[in-house]
Structures are given as structure tokens and as C-alpha cells.
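Below is one structure; the comments refer to it alone.
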There are 2 protein chains.
Amino acid sequence: MTSSESEPPRRPGEFALIAELFAPLAKDAPGAFGLTDDVAVIAQRSGEDLLLKTDAIVEGVHFFRADPPELIAKKALRRALSDLAAKGADPCAYLLALSLPAWPDMAWLEAFSRGLAEDQAEFSIALIGGDTSATPGPLNIVVTAAGRVPVGAMIQRRGAAVGDLVFVSGTIGDSAGGLALLREDCATLFQPDREALVSRYRLPQPRLALGRALRGVAAAALDVSDGLLADLAHIAEVSKVRVEVDAARIPRSDSLRALWGNGEDAIVRAATGGDDYEIAFTARADRREDVLDAARRAGTRVAEIGRVTAGEGAALLDAQGREIMLTQPGYRHF
Amino acid sequence: MTSSESEPPRRPGEFALIAELFAPLAKDAPGAFGLTDDVAVIAQRSGEDLLLKTDAIVEGVHFFRADPPELIAKKALRRALSDLAAKGADPCAYLLALSLPAWPDMAWLEAFSRGLAEDQAEFSIALIGGDTSATPGPLNIVVTAAGRVPVGAMIQRRGAAVGDLVFVSGTIGDSAGGLALLREDCATLFQPDREALVSRYRLPQPRLALGRALRGVAAAALDVSDGLLADLAHIAEVSKVRVEVDAARIPRSDSLRALWGNGEDAIVRAATGGDDYEIAFTARADRREDVLDAARRAGTRVAEIGRVTAGEGAALLDAQGREIMLTQPGYRHF
């Protein structure tokens, strides 16, 4: 693959790019060899399990080319960190596989790398390995993140039991509202509300402190990415139970209420929108105080939104306890 | 993302696809949860280091859409296994991030999954996690492979020293010959030679047994993917030495000689072509017998091709010891 002769190269070659932009992200990481070797080494620690999560984001699907490169970098990273958070893990390192089209120039790549550096500092993680490839298609970014938990402490999806209470952190639907605003703006919405929602879409906040505090407290957990109802249905399926959610108790932000109002439709949109990166979880009914204590220690708002019953699936209930029928419980790629 | 209304869906939805085609690949793997959880768990073992390698292959760059899907799957996997092999590691598990365009139908995906299953049996590894995403672009496949070595036994790139001997396994240039044949066939070449070369391009053979046997014997090693000279230059750079290779000693197959002949040009093409997935390595001069013994135990041919000297870079020398100037030492993506 060679540069066009009619134009100056828009960026250095593959190896120079790695040395200039990515090796500095790995320079202090043990086992990364400053990205000068073929593999990364993770030292084993007795008493701990290592958790791995791989996650792709694709231009035109998960982000737009015009999005700020720092935010694209952080979104790629934080989606994987959010999964680790919901499992109770401490993230420690990540690998990055970039399939690069011709369009990202050096300024774009520098900003992308800066976004990674900022989040490395924020979350105490480091790049330990990577791969860069050319692509004739859209930018494709795959992060594989590693985290540690004490042996057996990972909070699984399959731990929910009949009688459990159901909780979710933060607020639900903001990201879906932000995406809707990017597609079609709402002239009557106050600018601060608009910015709050769009920033929730662009920049997930992995709930790492809460996940850690929920070790040994939550019975089942996952992060809300496909949509609250769709993700709770994943817990229901592997735990062989039914999850009931009271629509009115789903925590929604004032900004989202300003955008979509308070009707049932608005709640359904929030509960099926996805990309929330909150933690949805269940806990035994006698652990309610421990859940609230964990939320306090983590400094994260947690709302009780429902219960686990016998049966299957995840159901959204209205104020009369009747199931609200959903045409599509959440996002799916195809 | 919804299916077009005018056509029947070409394959099941995302979750059904994972359940039908990928979950079976993970069903016996500890820590994979049958792909029903968000992350994979790798148990820690004292006395071992865990090695991780992430590697992307992209339609139109690393493979063609018309290639057999089984072979695309195996190529994706084996490229990462080859890196682990060169480091002396035993692969144990892998994660898969698939960015899927609309074109792969169910039959294609079944064949792809079958290819993975065959290689899982061949190499005693299992799928432990993954991610599927839609893409408007080419098929993008990222494998993140994990392997184990005894603590500190990883064969690094940086271990070469002045006075070392330089070796390479198998034969060099076959894959480049195979790719050349796919681009422009050679009417005078015998069919078995053609098939041998094309199959080297399509199906890497990770040298796992040799890598294992070279633990404690090789001083520096990597797998030949960019091209023999380019990859040896990587060793030279991080080891702060010069690597000299005698052109005439580079092992080439009879099939490749039949295609390109025995001239200096043919040797240069082989030594810079890439995609060989052989192990290039150095060892102290007094370890030559140990190297040959390791090769015998692994059942893999190994050729001594040069030496490590003071200086920098990797040089290809003719029969008179003069450096052959290369315009491009190996493949680079951009």
C-alpha cells in the first residue's frame, strides 16, 4: 500500500505512527515492552481472576466520522470498561486493534491518542498491545480490556433468583435522547439539556466504583448497552427467571423529561434505547440495605425498579401492574 | 438496524447467530459461560505468565471475499497463534470481534464457524468471548489470543546479542508466491506447485511445537509476517544490533523455485514478501546444537541463515558478502 503520488502523505507510515502515537501510551506498562514486541504479558496473581472483554465500534454504526476523535477513543475504551465495571472488576490494561481508512490525518490521530491518554489517567489503565491495519472501509476500533477480581468474585449474569430485587444505577434513556437530538434537533429544548443528553451519548461513564462496591452484594449484574429491558431479559434468560420492572420507577433525568415528556411512550423509549452504560443488577431482598450502602460508598445513585419472579423474560409494568407491550425491547445489530 | 422488507433475512438475528454458531465453540471452555455473560474469565496459575495478542484481518486487505470461509476463519486465528508460537507460548483461548457486513449469509457463517471449530480441535484452544457488530464496510475480524508460558520464559524480540547465530524455520516466500499466483496466474507452473504456494498464502501453519522447544534456547524470536528482512530488522532495532542474512542460505521451497527461479531477484522477493508465519530467531553461537535438537524434537526444519553483528538494521548479503540493496524490506499497511 503506497501513498498517492499526487498528494503529500497525510500521516507517517505504520511503524512511525505506532512509535509516535501509541508507544507512549504503553511506556510505563509492565509487560507491554513499549509496543516493541509481538505480544503483551500479564503477570498472574494468585487469588485473582483475570477478566477479558473484546468490543468493536464502527464508523457509521457506533459513532460518526465528524465526532471529536478524543470522544471516539474514549467511547471505544469505556464501552469495554463498562462491562468490566458491571462484573465488579478493576480494569488494568487494554489492547487496541485499529483498522484505519485513509481519511484520519495526523491531527485526527493525535487527538485520538490524546483521548486514550486522558482515559488511561482517569481509569489507571495502560495500553499493552495493539495492531494497526489498513482498511478500504470505515474506521473499525476493537478494544480488548483486561480486569482483575478476587477469585470467584465476578458478578455473573446467571445469579438472579426468584424474590430478588432489581436495581439500576444513574439515569436511563439519556444516551438514546442524545442520539435522537443528533439525528433531529429539538428547537424548544434548552441548550444545557441538549448538551447533557448528547454528552451521555458520546461519553459513557463506566460505573467502576459501584461495580467494586457490589462485589458480594449483587446477585446478578450487567451493563445496560442494548437497552434496559433487553439487558434485563439477558439476565432473566440465563438465570431462568422473570424480571419485572415498574415503568414509573425507572430513573430518568430532568433533561430527558424535558425532551420526551412523562408519557408512557417516553418511558418505553428510555427503557429500550440502549447505550446507557449503567449497571442493572439484582440482589436478594434481605440485601437492600447493603445495596444502598454500596451506592453511598461509590457515590452513585441507585434506584430500585422491580423484582424477580418465576417465569421468563423481562416485562415493563404500568402503574396498575399490567405489562406494557414492546415492539422492540432493545438494540440489535441485525 | 432492520432487515429489508423486500427480501427474506439472509441469516438469523444477532443473538440467535451467537447462540447457534458461536456459543457451541465456547461450550466446554472454563470461564466462557457459553458466551452468555459479558466477559470471559481466565484463571490465574502461579508460575505462569499470560500472553495476549490482538490481530485484525480485513476483507480486501488480508483476504478476498471469495476465499473459502473456513480458511478465512483459520487465517484470522492462526496469525495470532503464530505470534504466540514465536514467543514460546502454549495458546489456550481466544476472543473474536466480528464486524459483519450484510453479505455473509447463513451458509457462509456456518462454514466460518466450522473453520474455527476445526482449528480449536487442532490447537487445543477454545473461544471464550466475543462481539458481533454490523458494519457498512468490509468484513473485519479481530482475534485476541491468549497463551501461557512459564514465568519469564517468553522469547522476546530484544534478546539478540552480537555473535548470535540467526535461524529461520520452514521455507520463506511461499506465501508471497501464492499471493502473486492469485493475482496473476503462471501458465507454465505445475498444478501441485501452484496449490502448495496458494495454500501457504491461505493457511498459515503456526510453529507451536518449535516455539515451545526453543524456550530457553533462542535468544530473540518473532514470527515472519511483514517479511523476513523487515522482521529481522525489528529484532535488530530493539536489541540494538545488526542482523546479517546470507541470501543463498534462505530456505526456499522447490515450488517457489519453480515459480520465480534462483536469481537474486527471486531471493529478494521471498525475503521481503511476508505472510510466512515461520519463526525467525537468534541463539548464542554455543547453542547451535541445542537449536538443532529443538528443531528435531519439534519435527520442524530450521536453517541457519546468518549472524548478529555490531551496528543496526537487517542486511541481505550476496555470496561475496556484499549487501543487496532493497527498495522495500517488507510489507507495511500504510
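For the C-alpha cells, the naming scheme is as follows: chains receive sequential letters (A, B, ...) according to their order of presentation, residues are indexed from 1 within each chain, and ligands are indexed from 1 in presentation order.
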Self-check item: Backbone-only DSSP, alpha helix (DSSP H) members of range 13-241 of chain A, as a VMD selection string
Solution: chain A and resid 14 to 17 23 to 26 69 to 86 106 to 123 174 to 183 191 to 202 208 to 213 228 to 239
Quiz item: Counting only C-alpha atoms, what is within 7 Å of range 200-202 of chain A, bar same-chain residues fewer than 3 positions away, as a VMD selection string?
Solution: chain A and resid 71 75 174 to 176 178 to 179 196 to 197 275
Next, write the just-selected residues to a file, as a compact mmCIF listing (two decimals), in the first residue's frame, keeping N, CA and C atoms as the atom set.
```txt
# COMPACT_ATOMS: atom_id res chain seq x y z
N LEU A 71 -13.32 11.81 21.81
CA LEU A 71 -14.51 11.14 22.33
C LEU A 71 -14.70 9.76 21.70
N LYS A 75 -14.96 6.53 23.93
CA LYS A 75 -16.14 5.67 23.83
C LYS A 75 -15.71 4.21 23.60
N ASP A 174 -30.89 8.71 28.64
CA ASP A 174 -30.23 9.95 28.23
C ASP A 174 -29.47 9.79 26.92
N SER A 175 -28.79 8.66 26.80
CA SER A 175 -27.98 8.44 25.61
C SER A 175 -28.86 8.32 24.37
N ALA A 176 -29.97 7.61 24.51
CA ALA A 176 -30.91 7.50 23.38
C ALA A 176 -31.46 8.88 23.03
N GLY A 178 -29.86 11.70 23.49
CA GLY A 178 -28.75 12.41 22.84
C GLY A 178 -28.60 12.02 21.38
N LEU A 179 -28.72 10.72 21.11
CA LEU A 179 -28.63 10.25 19.72
C LEU A 179 -29.78 10.82 18.89
N ALA A 196 -26.32 17.99 27.86
CA ALA A 196 -26.25 16.89 28.83
C ALA A 196 -26.58 15.56 28.15
N LEU A 197 -27.60 15.57 27.30
CA LEU A 197 -28.02 14.32 26.67
C LEU A 197 -27.01 13.87 25.61
N ASP A 275 -27.25 1.99 25.12
CA ASP A 275 -26.07 2.84 25.26
C ASP A 275 -26.04 3.61 26.58
```
Practice problem: Name the closest residue to Leu81 in chain B among the candidates B:Arg114, B:Glu278, B:Leu165, B:Ala26; distances are taken between atoms, counting only C-alpha atoms. | Solution: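 Between B:Arg114, B:Glu278, B:Leu165, B:Ala26, the residue approaching Leu81 in chain B most closely is B:Glu278.
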Quiz item: Could you pull the residues within 9 Å of Ala160 in chain A, counting only C-alpha atoms, minus those fewer than 3 positions along the same chain, as a PyMOL selection string?
Solution: chain A and resi 156-157+163-164+218-221+235-236+238-241+281-284+308
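Of the residues under consideration (B:Trp103, B:Tyr94, B:Val58, B:Ala86), B:Ala86 shows the shortest atom-to-atom contact distance to Ala153 in chain B when counting only C-alpha atoms.
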Practice problem: Return the single residue from A:Leu256, A:Leu229, A:Val166, A:Ala19 that is closest to Arg194 in chain A, with distances computed using only C-alpha atoms. | Solution: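 Looking at the shortest contact to Arg194 in chain A, the residue is A:Leu256.
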Quiz item: Of the candidates B:Lys27, B:Arg215, B:Arg65, B:Arg158, which shows the shortest atom-to-atom distance to chain A, using only C-alpha atoms?
Solution: B:Arg158
Exercise. Within 7 Å of Asp246 in chain A, counting only C-alpha atoms, which residues show up once you throw out same-chain ones fewer than 6 positions away? Write them as an NGL selection string, please.
Key: :A and (305-306 or 316-318)
With all heavy atoms retained, export the selected residues as a compact mmCIF listing (two decimals), in the first residue's frame.
```
# COMPACT_ATOMS: atom_id res chain seq x y z
N ILE A 305 -36.06 -0.77 40.99
CA ILE A 305 -37.03 -0.62 39.90
C ILE A 305 -37.93 -1.83 39.70
O ILE A 305 -38.82 -1.79 38.86
CB ILE A 305 -36.32 -0.29 38.56
CG1 ILE A 305 -35.30 -1.40 38.21
CG2 ILE A 305 -35.65 1.07 38.61
CD1 ILE A 305 -34.73 -1.28 36.79
N GLY A 306 -37.72 -2.92 40.44
CA GLY A 306 -38.58 -4.07 40.18
C GLY A 306 -38.19 -5.27 40.99
O GLY A 306 -37.52 -5.16 42.03
N LEU A 316 -42.09 -4.85 31.33
CA LEU A 316 -42.26 -3.48 31.81
C LEU A 316 -43.72 -3.34 32.24
O LEU A 316 -44.63 -3.61 31.46
CB LEU A 316 -41.93 -2.53 30.65
CG LEU A 316 -41.87 -1.03 30.97
CD1 LEU A 316 -40.72 -0.73 31.93
CD2 LEU A 316 -41.69 -0.23 29.67
N LEU A 317 -43.94 -2.94 33.50
CA LEU A 317 -45.30 -2.89 34.03
C LEU A 317 -45.76 -1.45 34.24
O LEU A 317 -44.98 -0.60 34.68
CB LEU A 317 -45.36 -3.63 35.38
CG LEU A 317 -44.85 -5.08 35.40
CD1 LEU A 317 -45.12 -5.69 36.78
CD2 LEU A 317 -45.51 -5.91 34.31
N ASP A 318 -47.04 -1.18 33.96
CA ASP A 318 -47.59 0.16 34.22
C ASP A 318 -48.02 0.27 35.68
O ASP A 318 -47.83 -0.68 36.47
CB ASP A 318 -48.71 0.48 33.23
CG ASP A 318 -49.96 -0.36 33.46
OD1 ASP A 318 -50.08 -1.01 34.53
OD2 ASP A 318 -50.83 -0.38 32.56
```
Quiz prompt | CA of His234 in chain B to CA of Gly115 in chain A, distance in Å rounded to a single decimal | solution =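 One can read the CA of His234 in chain B to CA of Gly115 in chain A distance as 28.2 Å.
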Quiz item: In range 58-174 of chain A, what's strand (DSSP E) per DSSP? Answer as a VMD selection string?
Solution: chain A and resid 58 90 to 100 126 to 134 140 to 150 165 to 169
Exercise. Mind checking which residues fall within 9 Å of Arg11 in chain B, counting only C-alpha atoms, ignoring those fewer than 6 positions away in the same chain, and posting them as an MDAnalysis selection string?
Key: (chainID A and resid 334) or (chainID B and resid 17 104:107 109)
Quiz item: Out of A:Ala230, A:Cys186, A:Val217, A:Ala209, which residue has the shortest atom-to-atom distance to chain B when counting only C-alpha atoms?
Solution: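 Between A:Ala230, A:Cys186, A:Val217, A:Ala209, the residue approaching chain B most closely is A:Ala230.
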Self-check item: Closest of A:Thr300, A:Gln191, A:Ser82, A:Thr135 to chain B - atom-to-atom distances counting only C-alpha atoms
Solution: A:Thr135
Exercise. List the neighbours of Met154 in chain B out to 12 Å using only C-alpha atoms; skip same-chain residues closer than 3 positions along the sequence, and give me the result as a VMD selection string.
Key: (chain A and resid 31 33 37 to 43) or (chain B and resid 48 to 52 83 to 90 147 to 151 157 to 159 211 to 222)
